[in-house]
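Trainee: Submitted below is the structure of interest, expressed as structure tokens.
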Amino acid sequence: MSKENFEKQIRKRMNELEKINAHGVFKELKGKITGFDYDTKSLTMTYEATKFHENAFGIMFGGSIVGMFDITFGTLTAGLGDYSVAPTVQLSTTFLKGIPTGAIVRIEAEAVSSGKTIMNFVGKAYVEQELMATASGTFMTPKPFKKFIEE
């Protein structure tokens with residue numbers, strides 16, 4: 001894939017995410033792409049830890065940070081593979097610190113491998129310069145997934 005196509009696909013994915021219904025997780029997280037790099041196969045997105053995501057401890061619900069990683073990895077998959085969808089196979093998240101409500105969360109993700117059927121990613125979540133969580137994820141490209149759901 002060319003650098004130009006990578007950038008085109010990242011922007012296309014963001015437009016698709018913007019069209020998701022008003023109460024979808026992406027809209028609630030207020031996700032935005034803040035940077036991407038074809039050469040390093042990396043993507044940076046920011047999200048808001050809104051009151052909607054607050055748990056009983058007064059910090060962001062863990063599932064919301066998992067959603068942030070999932071969306072970021074999926075968006076990077078779209079850029080690298082020219083796919084509009086790539087199902088999550090595995091997503092492992094390590095929570096290091098609680099994220100306060102109202103914080104802006106920056107997710108930095110990079111591809112470890114980007115094959116024809118499987119892509120692997122690593123990511124880090126920051127609030128300002130403080131590391132809050134890490135994740136690794138495996139995503140299936142649409143071709144094998146389509147075969148899977150048709151069988």
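Residues in the structure tokens are named by chain (A, B, ... in the order shown) and by number from 1 within that chain; ligands are numbered from 1 in the order shown.
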Pro100 in chain A: which residues within 8 Å, counting only C-alpha atoms, same-chain residues fewer than 6 positions away excluded, as a PyMOL selection string?
Mentor: chain A and resi 49+58-60
Trainee: Let me see the file: selected residues, N, CA and C atoms, as a compact mmCIF listing (two decimals), in the first residue's frame.
Mentor:
```
# COMPACT_ATOMS: atom_id res chain seq x y z
N ALA A 49 -12.68 11.46 28.29
CA ALA A 49 -13.25 10.65 29.38
C ALA A 49 -14.41 11.44 29.96
N GLY A 58 -15.57 7.01 40.40
CA GLY A 58 -15.38 8.38 39.94
C GLY A 58 -14.29 8.52 38.88
N ILE A 59 -13.89 7.40 38.29
CA ILE A 59 -12.90 7.42 37.21
C ILE A 59 -13.53 6.75 35.98
N MET A 60 -12.81 6.78 34.88
CA MET A 60 -13.33 6.21 33.65
C MET A 60 -13.47 4.69 33.75
```
Trainee: Tell me, which residues of range 31-125 of chain A carry DSSP alpha helix (DSSP H), written as JSON, numbers by chain?
Mentor: {"A": [62, 63, 64, 65, 66, 67, 68, 69, 70, 71, 72, 73, 74, 75, 76, 77, 78, 79, 80, 81]}
Trainee: As a ChimeraX atom specification, please: every residue in range 87-151 of chain A that DSSP puts in strand (DSSP E).
Mentor: /A:88-95,104-114,118-127,130-140
Trainee: Can you write just those residues out, C-alpha atoms, as a compact mmCIF listing (two decimals), in the first residue's frame?
Mentor:
```
# COMPACT_ATOMS: atom_id res chain seq x y z
CA THR A 88 -11.12 -7.93 16.59
CA VAL A 89 -9.68 -11.38 17.29
CA GLN A 90 -7.95 -10.58 20.58
CA LEU A 91 -7.52 -7.43 22.64
CA SER A 92 -5.54 -7.43 25.88
CA THR A 93 -5.42 -4.33 28.05
CA THR A 94 -3.34 -3.58 31.13
CA PHE A 95 -4.71 -0.82 33.36
CA ILE A 104 -8.25 13.87 27.35
CA VAL A 105 -6.84 10.40 26.62
CA ARG A 106 -4.23 10.02 23.89
CA ILE A 107 -3.88 6.57 22.32
CA GLU A 108 -0.66 5.91 20.43
CA ALA A 109 -0.79 2.73 18.34
CA GLU A 110 1.56 1.00 15.96
CA ALA A 111 1.42 -2.11 13.83
CA VAL A 112 3.75 -4.90 14.89
CA SER A 113 2.78 -6.95 11.82
CA SER A 114 0.34 -6.43 8.98
CA ILE A 118 -4.01 -11.09 10.58
CA MET A 119 -2.65 -7.77 11.87
CA ASN A 120 -1.07 -7.23 15.29
CA PHE A 121 -0.87 -3.94 17.18
CA VAL A 122 0.49 -2.45 20.38
CA GLY A 123 -0.71 0.73 21.99
CA LYS A 124 -0.28 3.06 24.93
CA ALA A 125 -2.81 5.36 26.57
CA TYR A 126 -1.66 8.65 28.07
CA VAL A 127 -3.23 11.52 29.98
CA GLU A 130 1.45 10.02 32.13
CA LEU A 131 1.12 6.42 30.94
CA MET A 132 -2.30 5.10 32.02
CA ALA A 133 -2.75 1.80 30.14
CA THR A 134 -1.20 -0.43 27.50
CA ALA A 135 -2.76 -2.86 25.04
CA SER A 136 -2.03 -5.38 22.34
CA GLY A 137 -4.50 -6.50 19.75
CA THR A 138 -4.94 -8.92 16.89
CA PHE A 139 -7.36 -8.16 14.06
CA MET A 140 -8.57 -10.36 11.22
```
Trainee: Just give me the gap between CA of Asn15 in chain A and CA of Gly115 in chain A in Å, one decimal is fine.
Mentor: 24.7 Å
Trainee: Please report the interatomic distance between CA of Gly98 in chain A and CA of Gly74 in chain A in Å with one decimal.
Mentor: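 Answer for the CA of Gly98 in chain A to CA of Gly74 in chain A separation: 23.9 Å.
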Trainee: What separation in Å, quoted to one decimal, exists between CA of Ala103 in chain A and CA of Glu128 in chain A?
Mentor: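 CA of Glu128 in chain A lies at a distance of 8.7 Å from CA of Ala103 in chain A.
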Trainee: List the neighbours of Ser2 in chain A out to 12 Å using only C-alpha atoms; skip same-chain residues closer than 4 positions along the sequence, and give me the result as an mmCIF file with N, CA, C and O atoms, in the first residue's frame.
Mentor:
```
data_model
loop_
_atom_site.group_PDB
_atom_site.id
_atom_site.type_symbol
_atom_site.label_atom_id
_atom_site.label_comp_id
_atom_site.auth_asym_id
_atom_site.auth_seq_id
_atom_site.Cartn_x
_atom_site.Cartn_y
_atom_site.Cartn_z
ATOM 1 N N PHE A 6 -2.710 4.981 2.141
ATOM 2 C CA PHE A 6 -2.796 4.861 3.600
ATOM 3 C C PHE A 6 -3.548 6.061 4.172
ATOM 4 O O PHE A 6 -4.504 5.918 4.926
ATOM 5 N N GLU A 7 -3.124 7.255 3.791
ATOM 6 C CA GLU A 7 -3.757 8.471 4.291
ATOM 7 C C GLU A 7 -5.214 8.557 3.848
ATOM 8 O O GLU A 7 -6.088 8.930 4.632
ATOM 9 N N LYS A 8 -5.494 8.185 2.614
ATOM 10 C CA LYS A 8 -6.860 8.200 2.095
ATOM 11 C C LYS A 8 -7.747 7.250 2.897
ATOM 12 O O LYS A 8 -8.873 7.603 3.262
ATOM 13 N N GLN A 9 -7.252 6.068 3.201
ATOM 14 C CA GLN A 9 -8.040 5.081 3.937
ATOM 15 C C GLN A 9 -8.267 5.495 5.390
ATOM 16 O O GLN A 9 -9.335 5.247 5.945
ATOM 17 N N ASP A 37 1.389 8.061 10.693
ATOM 18 C CA ASP A 37 2.651 7.995 9.973
ATOM 19 C C ASP A 37 2.729 6.675 9.214
ATOM 20 O O ASP A 37 2.752 5.605 9.830
ATOM 21 N N TYR A 38 2.748 6.773 7.929
ATOM 22 C CA TYR A 38 2.815 5.595 7.072
ATOM 23 C C TYR A 38 4.108 4.819 7.306
ATOM 24 O O TYR A 38 4.100 3.594 7.386
ATOM 25 N N ASP A 39 5.226 5.519 7.418
ATOM 26 C CA ASP A 39 6.537 4.869 7.539
ATOM 27 C C ASP A 39 6.651 4.034 8.814
ATOM 28 O O ASP A 39 7.251 2.960 8.801
ATOM 29 N N LYS A 41 3.956 2.981 10.499
ATOM 30 C CA LYS A 41 2.677 2.270 10.642
ATOM 31 C C LYS A 41 2.050 2.587 11.992
ATOM 32 O O LYS A 41 1.703 1.706 12.776
ATOM 33 N N GLY A 79 -6.349 1.778 7.503
ATOM 34 C CA GLY A 79 -5.316 2.480 6.750
ATOM 35 C C GLY A 79 -4.304 1.554 6.120
ATOM 36 O O GLY A 79 -3.892 1.723 4.975
ATOM 37 N N LEU A 80 -3.909 0.540 6.844
ATOM 38 C CA LEU A 80 -2.867 -0.369 6.354
ATOM 39 C C LEU A 80 -3.371 -1.391 5.346
ATOM 40 O O LEU A 80 -2.624 -1.840 4.490
ATOM 41 N N GLY A 81 -4.628 -1.752 5.465
ATOM 42 C CA GLY A 81 -5.111 -2.833 4.619
ATOM 43 C C GLY A 81 -6.193 -2.454 3.642
ATOM 44 O O GLY A 81 -6.710 -3.320 2.948
ATOM 45 N N ASP A 82 -6.556 -1.184 3.572
ATOM 46 C CA ASP A 82 -7.589 -0.757 2.645
ATOM 47 C C ASP A 82 -8.906 -1.473 2.962
ATOM 48 O O ASP A 82 -9.588 -1.969 2.071
#
```
